[in-house]
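Shown next, in structure tokens, is the structure this report addresses.
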Amino acid sequence: MSLLSIKDVSIDFGGIKALIDVNIELEKGSLTGLIGPNGAGKSTVFNIITGIYKPTSGKVIFDGKTISQKPYNNTKLGIARTFQNIRLFKNLTVLDNVKIAQHIHVQYGLFSSFLQYKKYLDGEKSQDKQAMDLLKIFNLDKHALNLAKNLPYGEQRRLEIARALATKPKLLLLDEPAAGMNPQETKELTDTIRFIRDKFDITILLIEHDMSLVMDLCEDIYVMNYGKIIAHGTPDEIKKNPEVIAAYLGEEDIDEKEILSIEGGA
Amino acid sequence: MIKLKQILKNRFLIFLGLLAFYGIIQILLSTNILNDYYEINIVLMGINIILAVSLNLINGFTGQFSLGHAGFMSIGAYTSAIITYKLGLPFPLALLVGGVSAGIAGILIGIPSLRLKGDYLAITTLGFGEIIRVIFLNTEYVGGASGLSGIPKYTNWTWVFWMAVITVVLIRNFINSSYGRCCIAIREDETAAESMGINTTFYKTLAFTIGAFFAGIGGALYAHNFYIIQPETFNFMKSFDILTMVVLGGLGSITGSILSAIFLTFVYAVLQDYAALRMVIYSLLLIIVMLFRPEGLMGTKEFSLKKLFKKGEKSSEFTVN
């Protein structure tokens, strides 16, 4: 059974059809890529999955349940995400960023927080330990007490993934995790993503423009354009798909005409 | 890592320190070295600390700009006065009922208004504060515009000191718990907080309610200090006074709120002899502080003895306390 299935989802924003009959199936444990030109509707798919937008028609089933329209409930179901433009808690420490994300698994209640008795102390201790373990995986443990905003860009991206993992998700949505990274950082990120998929036994769906990362990493790829899924298959199939090539490079004949007209005019 | 034993020891030492401080002031007051004039202002400082720290939880830590704190304070003041003066019940019960009723008002006002953000929330809470005031103004049972007079004077240094300590400790503990971190996360980035599984409406209302509860206790202490309470005492200027303390001390710093509550109460008292110039000097002082420390006296930092003692040592090592 698939972990996530998006069935015939469409969404209109005041007449603009952002998604048209989108169907996506994610197998448990799979690593899937969602690609497409800017404005194709990729981030809208993420916002549908996390419950930020309500689909105009169609439905999203996660782990046998229809997803809620309240994002925090979906996090509790097991969906975690990162953001295209990094949204860390910038003025808090790296450690606190992770600890905030752990809160749905916190062991102590409000009352013991107020009085700080043993249950609270034990709870905080195990939270600290889990957070530090997670930070170690991302090689961020040495920055635990630094403010998140003081981290270099690549490390902020890694911290965002670590923070999402702290909610102990079944499905991790990565929105352009390699944006703004250099080839070396992208390479490291590829390894990290593959590692966390195996280590945490989770399903990953990622949006990415870096084709080398997507082709290298993903087993299954969905391609979107103008709010529609235009292709679905393995990396090799996608590379050869004429519709995909057209979406990315434009139609061949049109291009030639344009070039000719420009040359003719000059 | 610090052991449980060490934590208990630290807490005991802090308690001893507080007890010593309490004792010294108590002796100075009872031997009349500090006369009544000082006592009034010291008590006022304590009440202002309770009000400022509780408002800081809402405005500074949770980032919800509330301007209705005087409203919650007045609910605490009036209900507690009814408990002691009208019904003749004991003062501790009055404090509790004052706090709880203000807390309930916090829930009732918080649920609809906390859907709003920023300026809109500020205006709404300002409105609610005024509504509460007008309700008391038109209720004959509590004296209407002329106010409720003849309230027994129960508030003294002992009550104010320990209530302020309890307020500060409980709010500090809350901030340092997972619940408090959720509130801070909402201040930092509401969208991200929600995607981390934080029910933002719940946590905002929680902070609002806790803040209102302690404002109610502050109001109850206030009512039993001055013999009379009038609706006018709790108008929006009072809310601004409390807000000034919070902003001056630093949004998101408990120690900042304590320092600025003490400082502003002191300045206000000293300037009482220069009635004409008082507001001018007071305002100038605020402008100067805001010009040179726009983040407030403490920013979001806390003053801590631990850091003071360990200043020489390298603090890069990660510790769990």
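Going through the structure tokens in order, the chains are called A, B, and so on, while each chain numbers its residues from 1 and the ligands are numbered from 1 in the order shown.
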Could you give me, as an MDAnalysis selection string, the residues within 9 Å of region 9-26 of chain B, counting only C-alpha atoms and dropping anything in the same chain fewer than 4 positions from it? chainID B and resid 4:5 30:31 34 157:158 161:162 165
Would you kindly report the residues of chain A within 9 Å of chain B, using only C-alpha atoms, as a PDB file with N, CA and C atoms, in the first residue's frame?
```
ATOM      1  N   THR A  50       0.572  19.288   3.111  1.00  0.00           N
ATOM      2  CA  THR A  50       0.696  19.691   4.512  1.00  0.00           C
ATOM      3  C   THR A  50      -0.576  20.336   5.045  1.00  0.00           C
ATOM      4  N   LYS A  70      -5.554  21.295   9.027  1.00  0.00           N
ATOM      5  CA  LYS A  70      -4.747  22.012  10.006  1.00  0.00           C
ATOM      6  C   LYS A  70      -3.316  21.475   9.940  1.00  0.00           C
ATOM      7  N   PRO A  71      -2.358  22.292   9.494  1.00  0.00           N
ATOM      8  CA  PRO A  71      -0.991  21.800   9.292  1.00  0.00           C
ATOM      9  C   PRO A  71      -0.409  21.082  10.512  1.00  0.00           C
ATOM     10  N   TYR A  72      -0.719  21.586  11.730  1.00  0.00           N
ATOM     11  CA  TYR A  72      -0.093  20.958  12.897  1.00  0.00           C
ATOM     12  C   TYR A  72      -0.598  19.542  13.117  1.00  0.00           C
ATOM     13  N   ASN A  73      -1.863  19.274  12.695  1.00  0.00           N
ATOM     14  CA  ASN A  73      -2.366  17.910  12.836  1.00  0.00           C
ATOM     15  C   ASN A  73      -1.662  16.953  11.878  1.00  0.00           C
ATOM     16  N   ASN A  74      -1.327  17.467  10.680  1.00  0.00           N
ATOM     17  CA  ASN A  74      -0.631  16.619   9.723  1.00  0.00           C
ATOM     18  C   ASN A  74       0.777  16.292  10.176  1.00  0.00           C
ATOM     19  N   THR A  75       1.392  17.226  10.905  1.00  0.00           N
ATOM     20  CA  THR A  75       2.709  16.936  11.474  1.00  0.00           C
ATOM     21  C   THR A  75       2.596  15.784  12.463  1.00  0.00           C
ATOM     22  N   LYS A  76       1.502  15.797  13.222  1.00  0.00           N
ATOM     23  CA  LYS A  76       1.291  14.714  14.185  1.00  0.00           C
ATOM     24  C   LYS A  76       1.029  13.390  13.475  1.00  0.00           C
ATOM     25  N   ILE A  79       3.845  13.957   8.815  1.00  0.00           N
ATOM     26  CA  ILE A  79       4.358  14.652   7.634  1.00  0.00           C
ATOM     27  C   ILE A  79       5.211  15.826   8.114  1.00  0.00           C
ATOM     28  N   ALA A  80       6.454  15.898   7.656  1.00  0.00           N
ATOM     29  CA  ALA A  80       7.305  17.031   8.024  1.00  0.00           C
ATOM     30  C   ALA A  80       7.847  17.660   6.747  1.00  0.00           C
ATOM     31  N   ARG A  81       8.185  18.931   6.824  1.00  0.00           N
ATOM     32  CA  ARG A  81       8.648  19.601   5.607  1.00  0.00           C
ATOM     33  C   ARG A  81       9.753  20.605   5.890  1.00  0.00           C
ATOM     34  N   THR A  82      10.458  20.958   4.822  1.00  0.00           N
ATOM     35  CA  THR A  82      11.349  22.111   4.881  1.00  0.00           C
ATOM     36  C   THR A  82      10.792  23.134   3.900  1.00  0.00           C
ATOM     37  N   PHE A  83      11.325  24.341   3.965  1.00  0.00           N
ATOM     38  CA  PHE A  83      10.776  25.415   3.139  1.00  0.00           C
ATOM     39  C   PHE A  83      11.774  25.842   2.069  1.00  0.00           C
ATOM     40  N   ARG A  87      13.101  28.691   6.628  1.00  0.00           N
ATOM     41  CA  ARG A  87      12.314  29.284   7.720  1.00  0.00           C
ATOM     42  C   ARG A  87      12.731  28.688   9.047  1.00  0.00           C
ATOM     43  N   LEU A  88      13.943  28.979   9.449  1.00  0.00           N
ATOM     44  CA  LEU A  88      14.386  28.543  10.777  1.00  0.00           C
ATOM     45  C   LEU A  88      13.899  29.559  11.808  1.00  0.00           C
ATOM     46  N   PHE A  89      13.971  29.165  13.091  1.00  0.00           N
ATOM     47  CA  PHE A  89      13.748  30.142  14.157  1.00  0.00           C
ATOM     48  C   PHE A  89      15.087  30.833  14.362  1.00  0.00           C
ATOM     49  N   LYS A  90      15.309  31.904  13.601  1.00  0.00           N
ATOM     50  CA  LYS A  90      16.644  32.477  13.416  1.00  0.00           C
ATOM     51  C   LYS A  90      17.309  32.948  14.704  1.00  0.00           C
ATOM     52  N   ASN A  91      16.499  33.507  15.599  1.00  0.00           N
ATOM     53  CA  ASN A  91      17.108  34.100  16.798  1.00  0.00           C
ATOM     54  C   ASN A  91      17.255  33.115  17.946  1.00  0.00           C
ATOM     55  N   LEU A  92      16.962  31.858  17.677  1.00  0.00           N
ATOM     56  CA  LEU A  92      17.125  30.838  18.712  1.00  0.00           C
ATOM     57  C   LEU A  92      18.335  29.973  18.383  1.00  0.00           C
ATOM     58  N   ASP A  96      17.774  24.672  20.263  1.00  0.00           N
ATOM     59  CA  ASP A  96      16.367  25.000  20.517  1.00  0.00           C
ATOM     60  C   ASP A  96      15.510  24.782  19.278  1.00  0.00           C
ATOM     61  N   ASN A  97      16.066  25.061  18.110  1.00  0.00           N
ATOM     62  CA  ASN A  97      15.326  24.806  16.875  1.00  0.00           C
ATOM     63  C   ASN A  97      14.877  23.357  16.811  1.00  0.00           C
ATOM     64  N   LYS A  99      14.747  21.244  19.417  1.00  0.00           N
ATOM     65  CA  LYS A  99      13.913  20.900  20.574  1.00  0.00           C
ATOM     66  C   LYS A  99      12.463  21.354  20.389  1.00  0.00           C
ATOM     67  N   ILE A 100      12.276  22.472  19.698  1.00  0.00           N
ATOM     68  CA  ILE A 100      10.907  22.928  19.426  1.00  0.00           C
ATOM     69  C   ILE A 100      10.175  21.887  18.594  1.00  0.00           C
ATOM     70  N   ALA A 101      10.877  21.328  17.608  1.00  0.00           N
ATOM     71  CA  ALA A 101      10.236  20.349  16.730  1.00  0.00           C
ATOM     72  C   ALA A 101       9.928  19.042  17.460  1.00  0.00           C
ATOM     73  N   GLN A 102      10.600  18.801  18.582  1.00  0.00           N
ATOM     74  CA  GLN A 102      10.352  17.563  19.331  1.00  0.00           C
ATOM     75  C   GLN A 102       9.094  17.635  20.186  1.00  0.00           C
ATOM     76  N   HIS A 103       8.482  18.813  20.268  1.00  0.00           N
ATOM     77  CA  HIS A 103       7.498  19.014  21.331  1.00  0.00           C
ATOM     78  C   HIS A 103       6.315  18.039  21.281  1.00  0.00           C
ATOM     79  N   ILE A 104       5.970  17.527  20.057  1.00  0.00           N
ATOM     80  CA  ILE A 104       4.826  16.602  20.042  1.00  0.00           C
ATOM     81  C   ILE A 104       5.143  15.272  20.723  1.00  0.00           C
ATOM     82  N   VAL A 106       6.926  15.213  23.630  1.00  0.00           N
ATOM     83  CA  VAL A 106       7.389  15.536  24.978  1.00  0.00           C
ATOM     84  C   VAL A 106       6.651  14.716  26.031  1.00  0.00           C
ATOM     85  N   TYR A 108       6.547  15.297  29.489  1.00  0.00           N
ATOM     86  CA  TYR A 108       6.035  15.904  30.720  1.00  0.00           C
ATOM     87  C   TYR A 108       4.892  16.876  30.419  1.00  0.00           C
ATOM     88  N   GLY A 109       4.080  17.133  31.439  1.00  0.00           N
ATOM     89  CA  GLY A 109       2.907  17.987  31.250  1.00  0.00           C
ATOM     90  C   GLY A 109       3.156  19.421  31.664  1.00  0.00           C
ATOM     91  N   LEU A 110       2.107  20.223  31.520  1.00  0.00           N
ATOM     92  CA  LEU A 110       2.200  21.640  31.845  1.00  0.00           C
ATOM     93  C   LEU A 110       2.531  21.851  33.314  1.00  0.00           C
ATOM     94  N   SER A 113       6.058  21.356  34.124  1.00  0.00           N
ATOM     95  CA  SER A 113       6.869  22.450  33.570  1.00  0.00           C
ATOM     96  C   SER A 113       6.918  23.612  34.550  1.00  0.00           C
ATOM     97  N   PHE A 114       5.763  23.912  35.141  1.00  0.00           N
ATOM     98  CA  PHE A 114       5.708  25.044  36.065  1.00  0.00           C
ATOM     99  C   PHE A 114       6.567  24.801  37.298  1.00  0.00           C
ATOM    100  N   LEU A 115       6.508  23.558  37.805  1.00  0.00           N
ATOM    101  CA  LEU A 115       7.213  23.291  39.056  1.00  0.00           C
ATOM    102  C   LEU A 115       8.590  22.671  38.835  1.00  0.00           C
ATOM    103  N   GLN A 116       8.885  22.305  37.602  1.00  0.00           N
ATOM    104  CA  GLN A 116      10.196  21.741  37.247  1.00  0.00           C
ATOM    105  C   GLN A 116      10.623  20.617  38.166  1.00  0.00           C
ATOM    106  N   LYS A 118      11.034  16.302  38.893  1.00  0.00           N
ATOM    107  CA  LYS A 118      11.911  15.316  38.266  1.00  0.00           C
ATOM    108  C   LYS A 118      11.477  14.947  36.841  1.00  0.00           C
ATOM    109  N   TYR A 120      10.089  16.712  34.643  1.00  0.00           N
ATOM    110  CA  TYR A 120      10.535  17.749  33.718  1.00  0.00           C
ATOM    111  C   TYR A 120      12.027  17.621  33.450  1.00  0.00           C
ATOM    112  N   LEU A 121      12.800  17.445  34.516  1.00  0.00           N
ATOM    113  CA  LEU A 121      14.250  17.374  34.358  1.00  0.00           C
ATOM    114  C   LEU A 121      14.643  16.182  33.489  1.00  0.00           C
ATOM    115  N   GLU A 124      13.615  16.867  29.847  1.00  0.00           N
ATOM    116  CA  GLU A 124      14.525  17.797  29.180  1.00  0.00           C
ATOM    117  C   GLU A 124      15.843  17.113  28.835  1.00  0.00           C
ATOM    118  N   LYS A 125      16.291  16.281  29.755  1.00  0.00           N
ATOM    119  CA  LYS A 125      17.567  15.598  29.553  1.00  0.00           C
ATOM    120  C   LYS A 125      17.480  14.688  28.323  1.00  0.00           C
ATOM    121  N   ASP A 128      17.353  16.759  25.204  1.00  0.00           N
ATOM    122  CA  ASP A 128      18.676  17.265  24.844  1.00  0.00           C
ATOM    123  C   ASP A 128      19.507  16.185  24.161  1.00  0.00           C
ATOM    124  N   ALA A 144      25.673  23.641  18.382  1.00  0.00           N
ATOM    125  CA  ALA A 144      24.421  23.501  19.134  1.00  0.00           C
ATOM    126  C   ALA A 144      23.976  24.788  19.831  1.00  0.00           C
ATOM    127  N   LEU A 145      24.920  25.520  20.397  1.00  0.00           N
ATOM    128  CA  LEU A 145      24.524  26.706  21.163  1.00  0.00           C
ATOM    129  C   LEU A 145      24.682  28.006  20.381  1.00  0.00           C
ATOM    130  N   ARG A 163      15.679  19.632  11.797  1.00  0.00           N
ATOM    131  CA  ARG A 163      14.518  20.068  12.563  1.00  0.00           C
ATOM    132  C   ARG A 163      13.268  19.311  12.122  1.00  0.00           C
ATOM    133  N   ALA A 164      13.113  19.138  10.797  1.00  0.00           N
ATOM    134  CA  ALA A 164      11.950  18.400  10.301  1.00  0.00           C
ATOM    135  C   ALA A 164      11.989  16.958  10.791  1.00  0.00           C
ATOM    136  N   ALA A 166      13.184  15.897  13.524  1.00  0.00           N
ATOM    137  CA  ALA A 166      12.955  15.823  14.968  1.00  0.00           C
ATOM    138  C   ALA A 166      11.486  15.575  15.292  1.00  0.00           C
ATOM    139  N   THR A 167      10.591  15.847  14.344  1.00  0.00           N
ATOM    140  CA  THR A 167       9.177  15.543  14.588  1.00  0.00           C
ATOM    141  C   THR A 167       8.882  14.056  14.386  1.00  0.00           C
TER     142      THR A 167
END
```
Taking into account only C-alpha atoms, which residue in the set B:Leu259, B:Leu264, B:Val246, B:Leu271 is nearest to Leu57 (chain B)? B:Val246
Mind checking which residues fall within 10 Å of region 205-217 of chain A, counting only C-alpha atoms, ignoring those fewer than 3 positions away in the same chain, and posting them as a PyMOL selection string? chain A and resi 26+30-38+42-43+45-46+81-82+84+171-181+183+186-187+189-191+193-194+220-222+234-236+238-239
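For the atom pair formed by CA of Gly46 (chain B) and CA of Phe213 (chain B), the distance is 16.0 Å, given to one decimal.
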What residues in region 23-240 of chain A get the DSSP label helix (DSSP H, G or I)? Please answer as a ChimeraX atom specification. /A:42-49,71-77,94-105,110-115,118-137,141-143,148-150,153-165,183-200,211-217,235-240
Expected file: the selected residues, C-alpha atoms, as a short mmCIF file (atom, residue, chain, number, x, y, z; two decimals), in the first residue's frame:
```cif
data_model
loop_
_atom_site.label_atom_id
_atom_site.label_comp_id
_atom_site.auth_asym_id
_atom_site.auth_seq_id
_atom_site.Cartn_x
_atom_site.Cartn_y
_atom_site.Cartn_z
CA LYS A 42 5.32 22.03 -7.24
CA SER A 43 5.21 24.04 -4.03
CA THR A 44 1.41 24.08 -4.27
CA VAL A 45 1.52 20.27 -4.13
CA PHE A 46 3.54 20.56 -0.90
CA ASN A 47 1.06 23.04 0.53
CA ILE A 48 -1.78 20.64 -0.32
CA ILE A 49 -0.03 17.72 1.34
CA PRO A 71 -0.99 21.80 9.29
CA TYR A 72 -0.09 20.96 12.90
CA ASN A 73 -2.37 17.91 12.84
CA ASN A 74 -0.63 16.62 9.72
CA THR A 75 2.71 16.94 11.47
CA LYS A 76 1.29 14.71 14.19
CA LEU A 77 0.16 12.22 11.52
CA VAL A 94 20.47 25.45 16.85
CA LEU A 95 19.61 23.15 19.74
CA ASP A 96 16.37 25.00 20.52
CA ASN A 97 15.33 24.81 16.88
CA VAL A 98 15.46 21.03 17.10
CA LYS A 99 13.91 20.90 20.57
CA ILE A 100 10.91 22.93 19.43
CA ALA A 101 10.24 20.35 16.73
CA GLN A 102 10.35 17.56 19.33
CA HIS A 103 7.50 19.01 21.33
CA ILE A 104 4.83 16.60 20.04
CA HIS A 105 6.79 13.79 21.67
CA LEU A 110 2.20 21.64 31.84
CA PHE A 111 2.10 21.20 35.58
CA SER A 112 5.56 19.68 35.85
CA SER A 113 6.87 22.45 33.57
CA PHE A 114 5.71 25.04 36.07
CA LEU A 115 7.21 23.29 39.06
CA LYS A 118 11.91 15.32 38.27
CA LYS A 119 9.67 14.44 35.34
CA TYR A 120 10.53 17.75 33.72
CA LEU A 121 14.25 17.37 34.36
CA ASP A 122 14.29 13.84 32.94
CA GLY A 123 12.21 14.91 29.98
CA GLU A 124 14.52 17.80 29.18
CA LYS A 125 17.57 15.60 29.55
CA SER A 126 16.31 12.99 27.10
CA GLN A 127 15.21 15.76 24.72
CA ASP A 128 18.68 17.26 24.84
CA LYS A 129 20.23 13.90 24.17
CA GLN A 130 17.97 13.10 21.23
CA ALA A 131 18.49 16.57 19.78
CA MET A 132 22.28 16.28 20.09
CA ASP A 133 22.22 12.84 18.46
CA LEU A 134 20.28 14.26 15.57
CA LEU A 135 22.61 17.23 15.25
CA LYS A 136 25.59 14.88 15.19
CA ILE A 137 24.19 13.10 12.15
CA ASP A 141 26.57 19.36 17.09
CA LYS A 142 29.47 21.76 17.45
CA HIS A 143 27.09 24.63 16.65
CA ALA A 148 20.59 29.62 13.83
CA LYS A 149 20.99 32.87 11.90
CA ASN A 150 24.76 32.77 12.38
CA TYR A 153 23.82 28.94 4.32
CA GLY A 154 24.48 25.26 3.65
CA GLU A 155 24.35 24.43 7.35
CA GLN A 156 21.09 26.32 7.74
CA ARG A 157 19.62 24.06 5.04
CA ARG A 158 20.91 21.00 6.90
CA LEU A 159 19.52 22.28 10.17
CA GLU A 160 16.12 22.68 8.57
CA ILE A 161 16.18 19.03 7.56
CA ALA A 162 17.33 18.03 11.05
CA ARG A 163 14.52 20.07 12.56
CA ALA A 164 11.95 18.40 10.30
CA LEU A 165 13.30 14.98 11.29
CA PRO A 183 28.50 21.39 -6.28
CA GLN A 184 30.49 20.10 -3.30
CA GLU A 185 27.69 20.93 -0.84
CA THR A 186 25.13 19.40 -3.21
CA LYS A 187 27.16 16.21 -3.33
CA GLU A 188 27.26 16.05 0.46
CA LEU A 189 23.55 16.77 0.65
CA THR A 190 22.82 13.90 -1.77
CA ASP A 191 24.68 11.54 0.53
CA THR A 192 22.90 12.90 3.59
CA ILE A 193 19.44 12.49 2.06
CA ARG A 194 20.18 8.93 1.03
CA PHE A 195 21.57 8.25 4.49
CA ILE A 196 18.56 9.58 6.37
CA ARG A 197 16.18 7.64 4.14
CA ASP A 198 17.93 4.42 5.15
CA LYS A 199 18.67 5.35 8.75
CA PHE A 200 15.23 6.73 9.68
CA MET A 211 18.95 17.87 -12.19
CA SER A 212 22.17 16.11 -11.22
CA LEU A 213 20.85 15.71 -7.68
CA VAL A 214 17.42 14.53 -8.77
CA MET A 215 18.71 12.06 -11.38
CA ASP A 216 21.35 10.77 -9.00
CA LEU A 217 19.08 10.41 -5.97
CA PRO A 235 15.20 8.93 -14.12
CA ASP A 236 16.19 7.24 -17.38
CA GLU A 237 12.65 7.34 -18.72
CA ILE A 238 12.28 11.00 -17.75
CA LYS A 239 15.54 11.99 -19.44
CA LYS A 240 14.29 10.61 -22.76
#
```
Enumerate the residues of region 65-203 of chain A with a DSSP assignment of strand (DSSP E or B), computed from the backbone, and present them as a PyMOL selection string. chain A and resi 65-66+79-81+93+147+171-175+203
Generate a file of the selected residues that holds N, CA and C atoms, formatted as a PDB file, in the first residue's frame.
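The resulting file, out.pdb, is reproduced below:
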```pdb
ATOM      1  N   LYS A  65      -5.401   7.694   6.068  1.00  0.00           N
ATOM      2  CA  LYS A  65      -6.325   8.722   6.569  1.00  0.00           C
ATOM      3  C   LYS A  65      -6.334   9.913   5.625  1.00  0.00           C
ATOM      4  N   THR A  66      -7.483  10.572   5.516  1.00  0.00           N
ATOM      5  CA  THR A  66      -7.550  11.824   4.764  1.00  0.00           C
ATOM      6  C   THR A  66      -6.809  12.889   5.567  1.00  0.00           C
ATOM      7  N   ILE A  79       3.845  13.957   8.815  1.00  0.00           N
ATOM      8  CA  ILE A  79       4.358  14.652   7.634  1.00  0.00           C
ATOM      9  C   ILE A  79       5.211  15.826   8.114  1.00  0.00           C
ATOM     10  N   ALA A  80       6.454  15.898   7.656  1.00  0.00           N
ATOM     11  CA  ALA A  80       7.305  17.031   8.024  1.00  0.00           C
ATOM     12  C   ALA A  80       7.847  17.660   6.747  1.00  0.00           C
ATOM     13  N   ARG A  81       8.185  18.931   6.824  1.00  0.00           N
ATOM     14  CA  ARG A  81       8.648  19.601   5.607  1.00  0.00           C
ATOM     15  C   ARG A  81       9.753  20.605   5.890  1.00  0.00           C
ATOM     16  N   THR A  93      18.783  29.236  19.385  1.00  0.00           N
ATOM     17  CA  THR A  93      19.961  28.409  19.148  1.00  0.00           C
ATOM     18  C   THR A  93      19.604  27.222  18.262  1.00  0.00           C
ATOM     19  N   LEU A 147      23.442  30.733  17.486  1.00  0.00           N
ATOM     20  CA  LEU A 147      22.140  31.125  16.953  1.00  0.00           C
ATOM     21  C   LEU A 147      22.024  30.617  15.519  1.00  0.00           C
ATOM     22  N   LEU A 171       6.843  10.755   6.477  1.00  0.00           N
ATOM     23  CA  LEU A 171       7.059  11.346   5.160  1.00  0.00           C
ATOM     24  C   LEU A 171       7.778  12.681   5.328  1.00  0.00           C
ATOM     25  N   LEU A 172       8.867  12.848   4.588  1.00  0.00           N
ATOM     26  CA  LEU A 172       9.623  14.100   4.661  1.00  0.00           C
ATOM     27  C   LEU A 172       9.529  14.804   3.316  1.00  0.00           C
ATOM     28  N   LEU A 173       9.080  16.046   3.343  1.00  0.00           N
ATOM     29  CA  LEU A 173       8.977  16.835   2.120  1.00  0.00           C
ATOM     30  C   LEU A 173      10.102  17.854   2.095  1.00  0.00           C
ATOM     31  N   LEU A 174      10.945  17.781   1.075  1.00  0.00           N
ATOM     32  CA  LEU A 174      12.063  18.721   0.992  1.00  0.00           C
ATOM     33  C   LEU A 174      11.820  19.668  -0.175  1.00  0.00           C
ATOM     34  N   ASP A 175      11.698  20.954   0.130  1.00  0.00           N
ATOM     35  CA  ASP A 175      11.434  21.940  -0.909  1.00  0.00           C
ATOM     36  C   ASP A 175      12.753  22.590  -1.324  1.00  0.00           C
ATOM     37  N   THR A 203       9.937   7.965   4.049  1.00  0.00           N
ATOM     38  CA  THR A 203       9.653   8.220   2.652  1.00  0.00           C
ATOM     39  C   THR A 203       9.972   9.680   2.372  1.00  0.00           C
TER      40      THR A 203
END
```
Just the residues within 10 Å of Leu121 (chain B), please, counting only C-alpha atoms, with nothing from its chain fewer than 3 positions along; format it as an mmCIF file with N, CA and C atoms, in the first residue's frame.
```cif
data_model
loop_
_atom_site.group_PDB
_atom_site.id
_atom_site.type_symbol
_atom_site.label_atom_id
_atom_site.label_comp_id
_atom_site.auth_asym_id
_atom_site.auth_seq_id
_atom_site.Cartn_x
_atom_site.Cartn_y
_atom_site.Cartn_z
ATOM 1 N N GLN B 64 2.627 38.250 20.803
ATOM 2 C CA GLN B 64 1.269 38.711 20.528
ATOM 3 C C GLN B 64 1.076 40.058 21.201
ATOM 4 N N PHE B 65 0.939 41.088 20.389
ATOM 5 C CA PHE B 65 0.953 42.442 20.938
ATOM 6 C C PHE B 65 -0.372 42.785 21.606
ATOM 7 N N SER B 66 -0.405 42.640 22.933
ATOM 8 C CA SER B 66 -1.628 42.907 23.677
ATOM 9 C C SER B 66 -1.558 44.256 24.370
ATOM 10 N N LEU B 67 -2.655 44.998 24.307
ATOM 11 C CA LEU B 67 -2.732 46.289 24.998
ATOM 12 C C LEU B 67 -3.846 46.278 26.035
ATOM 13 N N GLY B 110 -9.124 35.790 24.509
ATOM 14 C CA GLY B 110 -8.038 35.279 23.671
ATOM 15 C C GLY B 110 -8.519 34.491 22.475
ATOM 16 N N SER B 113 -9.836 36.844 19.682
ATOM 17 C CA SER B 113 -8.960 37.924 19.219
ATOM 18 C C SER B 113 -7.588 37.436 18.759
ATOM 19 N N LEU B 114 -7.154 36.272 19.231
ATOM 20 C CA LEU B 114 -5.805 35.827 18.863
ATOM 21 C C LEU B 114 -5.721 35.286 17.441
ATOM 22 N N ARG B 115 -6.863 35.279 16.734
ATOM 23 C CA ARG B 115 -6.786 34.969 15.312
ATOM 24 C C ARG B 115 -6.174 36.138 14.558
ATOM 25 N N LEU B 116 -6.222 37.303 15.182
ATOM 26 C CA LEU B 116 -5.678 38.493 14.539
ATOM 27 C C LEU B 116 -4.206 38.630 14.867
ATOM 28 N N LYS B 117 -3.527 39.412 14.032
ATOM 29 C CA LYS B 117 -2.086 39.577 14.230
ATOM 30 C C LYS B 117 -1.711 41.043 14.344
ATOM 31 N N GLY B 118 -0.593 41.294 14.977
ATOM 32 C CA GLY B 118 0.036 42.618 14.982
ATOM 33 C C GLY B 118 -0.886 43.736 15.406
ATOM 34 N N THR B 124 -7.698 45.325 19.043
ATOM 35 C CA THR B 124 -8.765 44.515 19.627
ATOM 36 C C THR B 124 -8.603 44.388 21.135
ATOM 37 N N THR B 125 -7.380 44.112 21.590
ATOM 38 C CA THR B 125 -7.170 43.960 23.028
ATOM 39 C C THR B 125 -7.374 45.287 23.750
ATOM 40 N N LEU B 126 -6.975 46.365 23.081
ATOM 41 C CA LEU B 126 -7.231 47.701 23.642
ATOM 42 C C LEU B 126 -8.733 47.886 23.846
ATOM 43 N N GLY B 127 -9.501 47.486 22.839
ATOM 44 C CA GLY B 127 -10.954 47.582 22.915
ATOM 45 C C GLY B 127 -11.516 46.743 24.045
#
```
For CA of Gly39 (chain A) and CA of Gly15 (chain A), quote the distance in Å rounded to one decimal. 15.7 Å
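Separating CA of Asn225 (chain B) from CA of Asn35 (chain B) is a distance of 15.7 Å.
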